[in-house]
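Asks: I am attaching a structure below and will ask some questions about it afterwards.
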Amino acid sequence: MYPSTYQASITNLFTHIAYYYLNSYDDVLVDRFTMDNPISGSLTSLNLRKFDIVLMSLSYEFDYINAIKILLLNNIPVVNDRGRRPIIIAGGPAVSANPLPLSKFFDGIVIGEGEEVLKLLMDSTGLLHSKDLFLENLASKGLYIPLLHDGSKIKKSYVVDLDSSYYPEYQIQSLIIEPVFGRGYIMEISRGCKHLCSFCMEAFISYPYRVRSYEKIMESVGKGLEVNKVDRVVFYSLSFFDHHSADRILETLLERGIRFSIPSVRADTLNEYRVDLIRRGGQKTLTLAPETHSDKLRCVIRKYISDELVSRLIDYGIKLGMEVKLYYMVGIPFEDDEDINQLVKFLRGLIPILDKSRFRRRVRVVINPLIPKANTPMQFFGLINKKEYMHRVRLIRKGLPGRYFRVEALSHNLAYMQATMSLGDVKLGDVLLRYVSEAYVNEELHLSSYKYLLKSLGIDTDYVFKPRNPSEILPWEFIDLGLNIRGFNIIK
Ligand code: SF4
């Protein structure tokens, strides 16, 4: 079950892994559900309640809301002491970082990566006659079983060697719906990210950095393109060019006339040659995430991308006729208006490059508030308040002429809701349940009802905005990601 759209489900690699891995067992029947078909399966039309086990992959905090809605829609008792099947197990980056807001609802929550857990589930099917025995067998092996948890640390589960781990060469292809990054064969070349920027939950969750070998990647791409009857590769990784064979992989594909797209690239691993490779692979947009142009804030987020490099890459990308999309964060701890002015000054400095280009491109500038996430060094800081956020977004909008820039800013309301979930504890489960039962209509988010429920259930959302005392033990510290998060000191 992927508690979002069908399109999002086929963009998610774990959907393909789980579906084909489980299908490789003769005595297992697998079907797929999304918010587009929450009650009956895509293939068998069987009702969700008929299955022994429901696996839910939750990529973002907003998926929590749909996950609860699915239980309600299927008349499955929502609270996890339901005592009968289906056994419901959730996983994904956000719940691995902090499973507490959902601990009321699920029988098990996967901490870390799913492959080992899939194996474990299959090895435990002999115990399915007893839900208790089945769950006891899963406890602590990379799974958090809320009803059995005694407070001890839970180590995350992860694949040690990507080359020998299961990879889905067959992938779900839809003729009607395109995945978010377009049709193609998804090839994951690495997991984790060696840079560990202080706000980046994905990097902390997927630590340590691991790669697939060039040989495995090329073998998989060869088979994958053939069996899926597609002619394009979509590369998954957190930072593509950190892979030791990144150039060689792309050069080989270009020699063979195969198109590709690379959704995630860290700017300081790029140069003109690599932008050229990306362009020749068919990608039309150059996406960079400098996050800030203030040296002070670069230290805070542990991500230093130089101004000189960013303008050189943009200049080059524009010469090649590419669209340019830039991501920035507002609300980085210790930020002030001067830091925002530096961002505006940098971007205005691009105007001569845009003027002399024959392509007349507008640069897309995407602003996101920094949302502090559990199990990252930012967990000790608060979310910027709405007034300050709006003020800084206004400064950016005002400083950037619409002829050259298109500014898009994420709504603070959404960031606030996300932060309540990312830093929430078990009490938030009651809010989520009441919100889904009473206010979540037509899958539209209503901040005022959400805030009302927080208040009426006595939850003070100061925890979202106020920095935490580093000596405080945080509720999710029983999750062991294999890193000492407290060792990442953030100082101005
Ligand atoms: S480089 Fe990108 S993926 Fe890696 S830690 Fe930083 S933000 Fe995350």
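To be explicit about the labels: the chains of the structure tokens are called A, B, and onward in the order shown, and within each one the residues are counted from 1, while ligands get numbers from 1 in the order they are shown.
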List the spatial neighbours of Lys303 (chain A) as a ChimeraX atom specification - criterion: any atom at most 9 Å away, only C-alpha atoms, same-chain residues fewer than 4 positions off excluded.
Replies: /A:195-198,290-291,297-299
Asks: Can I get the residues close to ligand 1 as a list of chain:residue names, where close means within 8 Å and we count only C-alpha atoms and all ligand atoms?
Replies: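 Sorted by chain and then by number, the residues are A:Gly192, A:Cys193, A:Lys194, A:His195, A:Leu196, A:Cys197, A:Ser198, A:Phe199, A:Cys200, A:Met201, A:Glu202, A:Ala203, A:Phe204, A:Leu238, A:Ser239, A:Ser264, A:Val265, A:Arg266, A:Ala289, A:Arg302, A:Lys303.
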Asks: Can you tell me which residues surround region 53-65 of chain A at a distance of at most 6 Å, considering only C-alpha atoms, apart from same-chain residues fewer than 5 positions away, and format the answer as a list in words?
Replies: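 That gives Met1, Tyr2, Pro3, Pro86, Ile87, Ile88, Ile89, Ala90, Gly91, Gly92, Pro93, Ala94 and Gln418 of chain A.
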Asks: Please produce an output containing N, CA and C atoms for each residue in the selection, written as an mmCIF file, in the first residue's frame.
Replies:
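Everything below was put into part-v4.cif:
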data_model
loop_
_atom_site.group_PDB
_atom_site.id
_atom_site.type_symbol
_atom_site.label_atom_id
_atom_site.label_comp_id
_atom_site.auth_asym_id
_atom_site.auth_seq_id
_atom_site.Cartn_x
_atom_site.Cartn_y
_atom_site.Cartn_z
ATOM 1 N N MET A 1 0.843 -1.186 0.000
ATOM 2 C CA MET A 1 0.000 0.000 0.000
ATOM 3 C C MET A 1 0.876 1.232 0.000
ATOM 4 N N TYR A 2 0.679 2.074 -0.977
ATOM 5 C CA TYR A 2 1.414 3.333 -1.005
ATOM 6 C C TYR A 2 0.391 4.439 -0.754
ATOM 7 N N PRO A 3 0.449 5.095 0.409
ATOM 8 C CA PRO A 3 -0.644 6.006 0.755
ATOM 9 C C PRO A 3 -0.546 7.374 0.085
ATOM 10 N N PRO A 86 -5.533 -7.799 9.029
ATOM 11 C CA PRO A 86 -4.145 -7.854 8.566
ATOM 12 C C PRO A 86 -3.153 -7.253 9.566
ATOM 13 N N ILE A 87 -1.938 -7.778 9.479
ATOM 14 C CA ILE A 87 -0.836 -7.189 10.255
ATOM 15 C C ILE A 87 -0.325 -6.016 9.414
ATOM 16 N N ILE A 88 -0.223 -4.866 10.037
ATOM 17 C CA ILE A 88 0.098 -3.678 9.233
ATOM 18 C C ILE A 88 1.485 -3.156 9.615
ATOM 19 N N ILE A 89 2.337 -3.112 8.620
ATOM 20 C CA ILE A 89 3.725 -2.712 8.861
ATOM 21 C C ILE A 89 4.059 -1.527 7.961
ATOM 22 N N ALA A 90 4.582 -0.474 8.577
ATOM 23 C CA ALA A 90 4.918 0.724 7.798
ATOM 24 C C ALA A 90 6.424 0.919 7.767
ATOM 25 N N GLY A 91 6.865 1.675 6.773
ATOM 26 C CA GLY A 91 8.295 2.004 6.692
ATOM 27 C C GLY A 91 8.464 3.260 5.872
ATOM 28 N N GLY A 92 9.707 3.688 5.711
ATOM 29 C CA GLY A 92 9.978 4.905 4.931
ATOM 30 C C GLY A 92 10.851 5.851 5.741
ATOM 31 N N PRO A 93 11.426 6.859 5.084
ATOM 32 C CA PRO A 93 12.395 7.728 5.765
ATOM 33 C C PRO A 93 11.831 8.452 6.987
ATOM 34 N N ALA A 94 10.657 9.063 6.855
ATOM 35 C CA ALA A 94 10.163 9.885 7.954
ATOM 36 C C ALA A 94 9.832 9.038 9.182
ATOM 37 N N GLN A 418 3.993 19.714 8.734
ATOM 38 C CA GLN A 418 5.044 18.708 8.564
ATOM 39 C C GLN A 418 5.950 18.663 9.804
#
Asks: Hey, which bits of region 322-432 of chain A sit within 9 Å of region 457-465 of chain A, and for each residue what's the closest pair of atoms and how far apart in Å (one decimal), counting only C-alpha atoms, rows by chain and increasing number, as a tab-separated table?
Replies:
residue	atom	partner	partner_atom	distance
A:Pro372	CA	A:Val464	CA	8.3
A:Phe381	CA	A:Phe465	CA	7.6
A:Gly382	CA	A:Phe465	CA	4.1
A:Leu383	CA	A:Phe465	CA	4.8
A:Ile384	CA	A:Phe465	CA	6.6
A:Asn385	CA	A:Phe465	CA	6.8
A:Tyr416	CA	A:Val464	CA	7.5
A:Ala419	CA	A:Val464	CA	6.2
A:Thr420	CA	A:Val464	CA	6.0
A:Leu423	CA	A:Val464	CA	7.0
A:Gly424	CA	A:Tyr463	CA	8.2
A:Lys427	CA	A:Ile459	CA	7.8
A:Leu428	CA	A:Ile459	CA	7.9
A:Asp430	CA	A:Leu457	CA	7.9
A:Val431	CA	A:Leu457	CA	7.1
Asks: Taking only residues of region 36-114 of chain A that have an atom at most 12 Å from an atom of region 143-165 of chain A, what is each one's shortest atom pair and its distance in Å to one decimal, using only C-alpha atoms, in chain and number order, as a Markdown table?
Replies:
| residue | atom | partner | partner_atom | distance |
| --- | --- | --- | --- | --- |
| A:Val79 | CA | A:Leu147 | CA | 10.7 |
| A:Asn80 | CA | A:Leu147 | CA | 7.9 |
| A:Asp81 | CA | A:Leu147 | CA | 7.7 |
| A:Arg82 | CA | A:Leu147 | CA | 11.1 |
| A:Gly83 | CA | A:Leu147 | CA | 11.2 |
| A:Ile87 | CA | A:Ile145 | CA | 11.3 |
| A:Ile88 | CA | A:Ile145 | CA | 10.7 |
| A:Ile89 | CA | A:Leu143 | CA | 9.1 |
| A:Ala90 | CA | A:Leu143 | CA | 9.6 |
| A:Gly91 | CA | A:Leu143 | CA | 9.1 |
| A:Gly92 | CA | A:Lys156 | CA | 11.7 |
| A:Pro93 | CA | A:Lys156 | CA | 11.2 |
| A:Val95 | CA | A:Tyr144 | CA | 10.3 |
| A:Ser96 | CA | A:Lys156 | CA | 8.0 |
| A:Ala97 | CA | A:Lys156 | CA | 9.8 |
| A:Asn98 | CA | A:Tyr144 | CA | 10.7 |
| A:Pro99 | CA | A:Tyr144 | CA | 8.2 |
| A:Leu100 | CA | A:Pro146 | CA | 8.7 |
| A:Pro101 | CA | A:Pro146 | CA | 11.1 |
| A:Leu102 | CA | A:Pro146 | CA | 9.3 |
| A:Ser103 | CA | A:Pro146 | CA | 5.6 |
| A:Lys104 | CA | A:Pro146 | CA | 7.4 |
| A:Phe105 | CA | A:Pro146 | CA | 9.0 |
| A:Phe106 | CA | A:Pro146 | CA | 7.7 |
| A:Asp107 | CA | A:Ile145 | CA | 6.0 |
| A:Gly108 | CA | A:Ile145 | CA | 4.6 |
| A:Ile109 | CA | A:Tyr144 | CA | 5.0 |
| A:Val110 | CA | A:Leu143 | CA | 4.5 |
| A:Ile111 | CA | A:Lys156 | CA | 4.9 |
| A:Gly112 | CA | A:Lys156 | CA | 4.8 |
| A:Glu113 | CA | A:Tyr158 | CA | 5.0 |
| A:Gly114 | CA | A:Ser157 | CA | 7.5 |
Asks: Take the residues just selected and output them with N, CA and C atoms as a JSON list (two decimals), in the first residue's frame.
Replies:
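Full text of out00.json as output:
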[["chain", "number", "residue", "atom", "x", "y", "z"],
["A", 79, "VAL", "N", -6.62, 1.40, 15.84],
["A", 79, "VAL", "CA", -5.57, 1.29, 16.86],
["A", 79, "VAL", "C", -5.00, -0.12, 16.85],
["A", 80, "ASN", "N", -3.68, -0.21, 17.06],
["A", 80, "ASN", "CA", -2.99, -1.47, 16.77],
["A", 80, "ASN", "C", -3.20, -2.61, 17.77],
["A", 81, "ASP", "N", -4.09, -2.46, 18.74],
["A", 81, "ASP", "CA", -4.39, -3.62, 19.57],
["A", 81, "ASP", "C", -5.57, -4.39, 18.96],
["A", 82, "ARG", "N", -5.67, -4.33, 17.61],
["A", 82, "ARG", "CA", -6.86, -4.90, 16.95],
["A", 82, "ARG", "C", -6.94, -6.42, 17.08],
["A", 83, "GLY", "N", -5.79, -7.06, 17.38],
["A", 83, "GLY", "CA", -5.82, -8.49, 17.70],
["A", 83, "GLY", "C", -6.11, -9.40, 16.52],
["A", 87, "ILE", "N", -1.94, -7.78, 9.48],
["A", 87, "ILE", "CA", -0.84, -7.19, 10.25],
["A", 87, "ILE", "C", -0.32, -6.02, 9.41],
["A", 88, "ILE", "N", -0.22, -4.87, 10.04],
["A", 88, "ILE", "CA", 0.10, -3.68, 9.23],
["A", 88, "ILE", "C", 1.48, -3.16, 9.61],
["A", 89, "ILE", "N", 2.34, -3.11, 8.62],
["A", 89, "ILE", "CA", 3.72, -2.71, 8.86],
["A", 89, "ILE", "C", 4.06, -1.53, 7.96],
["A", 90, "ALA", "N", 4.58, -0.47, 8.58],
["A", 90, "ALA", "CA", 4.92, 0.72, 7.80],
["A", 90, "ALA", "C", 6.42, 0.92, 7.77],
["A", 91, "GLY", "N", 6.87, 1.67, 6.77],
["A", 91, "GLY", "CA", 8.29, 2.00, 6.69],
["A", 91, "GLY", "C", 8.46, 3.26, 5.87],
["A", 92, "GLY", "N", 9.71, 3.69, 5.71],
["A", 92, "GLY", "CA", 9.98, 4.90, 4.93],
["A", 92, "GLY", "C", 10.85, 5.85, 5.74],
["A", 93, "PRO", "N", 11.43, 6.86, 5.08],
["A", 93, "PRO", "CA", 12.40, 7.73, 5.76],
["A", 93, "PRO", "C", 11.83, 8.45, 6.99],
["A", 95, "VAL", "N", 9.21, 7.88, 8.98],
["A", 95, "VAL", "CA", 8.87, 7.04, 10.14],
["A", 95, "VAL", "C", 10.10, 6.37, 10.74],
["A", 96, "SER", "N", 11.14, 6.18, 9.93],
["A", 96, "SER", "CA", 12.38, 5.61, 10.48],
["A", 96, "SER", "C", 13.03, 6.62, 11.42],
["A", 97, "ALA", "N", 12.94, 7.90, 11.05],
["A", 97, "ALA", "CA", 13.58, 8.95, 11.87],
["A", 97, "ALA", "C", 12.82, 9.13, 13.17],
["A", 98, "ASN", "N", 11.50, 9.07, 13.10],
["A", 98, "ASN", "CA", 10.69, 9.23, 14.30],
["A", 98, "ASN", "C", 9.34, 8.53, 14.11],
["A", 99, "PRO", "N", 9.25, 7.29, 14.59],
["A", 99, "PRO", "CA", 8.00, 6.54, 14.37],
["A", 99, "PRO", "C", 6.89, 6.90, 15.37],
["A", 100, "LEU", "N", 7.18, 7.72, 16.36],
["A", 100, "LEU", "CA", 6.24, 7.87, 17.47],
["A", 100, "LEU", "C", 4.84, 8.36, 17.10],
["A", 101, "PRO", "N", 4.68, 9.36, 16.21],
["A", 101, "PRO", "CA", 3.31, 9.81, 15.92],
["A", 101, "PRO", "C", 2.42, 8.71, 15.35],
["A", 102, "LEU", "N", 3.04, 7.64, 14.82],
["A", 102, "LEU", "CA", 2.23, 6.57, 14.22],
["A", 102, "LEU", "C", 2.22, 5.29, 15.06],
["A", 103, "SER", "N", 2.82, 5.36, 16.24],
["A", 103, "SER", "CA", 3.00, 4.12, 17.00],
["A", 103, "SER", "C", 1.67, 3.52, 17.48],
["A", 104, "LYS", "N", 0.62, 4.31, 17.48],
["A", 104, "LYS", "CA", -0.71, 3.81, 17.88],
["A", 104, "LYS", "C", -1.35, 2.91, 16.83],
["A", 105, "PHE", "N", -0.95, 3.13, 15.58],
["A", 105, "PHE", "CA", -1.72, 2.56, 14.48],
["A", 105, "PHE", "C", -1.13, 1.28, 13.87],
["A", 106, "PHE", "N", 0.19, 1.24, 13.84],
["A", 106, "PHE", "CA", 0.81, 0.13, 13.10],
["A", 106, "PHE", "C", 1.28, -0.97, 14.05],
["A", 107, "ASP", "N", 1.26, -2.20, 13.52],
["A", 107, "ASP", "CA", 1.77, -3.32, 14.32],
["A", 107, "ASP", "C", 3.30, -3.29, 14.34],
["A", 108, "GLY", "N", 3.88, -2.87, 13.24],
["A", 108, "GLY", "CA", 5.34, -2.80, 13.18],
["A", 108, "GLY", "C", 5.77, -1.60, 12.35],
["A", 109, "ILE", "N", 6.89, -1.02, 12.71],
["A", 109, "ILE", "CA", 7.43, 0.09, 11.91],
["A", 109, "ILE", "C", 8.88, -0.24, 11.59],
["A", 110, "VAL", "N", 9.19, -0.26, 10.32],
["A", 110, "VAL", "CA", 10.55, -0.61, 9.88],
["A", 110, "VAL", "C", 11.47, 0.57, 10.13],
["A", 111, "ILE", "N", 12.57, 0.33, 10.78],
["A", 111, "ILE", "CA", 13.55, 1.37, 11.00],
["A", 111, "ILE", "C", 14.69, 1.10, 10.02],
["A", 112, "GLY", "N", 14.81, 1.97, 9.02],
["A", 112, "GLY", "CA", 15.88, 1.79, 8.03],
["A", 112, "GLY", "C", 15.32, 1.26, 6.72],
["A", 113, "GLU", "N", 16.09, 0.37, 6.11],
["A", 113, "GLU", "CA", 15.75, -0.10, 4.76],
["A", 113, "GLU", "C", 14.93, -1.39, 4.80],
["A", 114, "GLY", "N", 14.17, -1.59, 3.73],
["A", 114, "GLY", "CA", 13.16, -2.65, 3.77],
["A", 114, "GLY", "C", 13.62, -4.03, 3.34]]
Asks: Might you pull out every residue within 9 Å of Tyr167 (chain A), with only C-alpha atoms counted and same-chain residues fewer than 3 positions away left off, and present them as a ChimeraX atom specification?
Replies: /A:16-17,20-21,162-164,170,188,220
Asks: Write the residues of the selection above to a file with C-alpha atoms, as a PDB file, in the first residue's frame.
Replies:
ATOM      1  CA  HIS A  16       9.023  -2.132  -7.211  1.00  0.00           C
ATOM      2  CA  ILE A  17      11.367  -3.934  -4.820  1.00  0.00           C
ATOM      3  CA  TYR A  20       8.677  -8.177  -7.341  1.00  0.00           C
ATOM      4  CA  TYR A  21      10.594  -9.611  -4.401  1.00  0.00           C
ATOM      5  CA  LEU A 162      24.232  -3.342  -2.632  1.00  0.00           C
ATOM      6  CA  ASP A 163      25.716  -5.599  -5.308  1.00  0.00           C
ATOM      7  CA  SER A 164      24.418  -8.754  -3.694  1.00  0.00           C
ATOM      8  CA  TYR A 170      11.196  -5.994 -13.768  1.00  0.00           C
ATOM      9  CA  GLU A 188      19.685   3.057  -8.077  1.00  0.00           C
ATOM     10  CA  SER A 220      21.084  -4.298 -14.547  1.00  0.00           C
TER      11      SER A 220
END
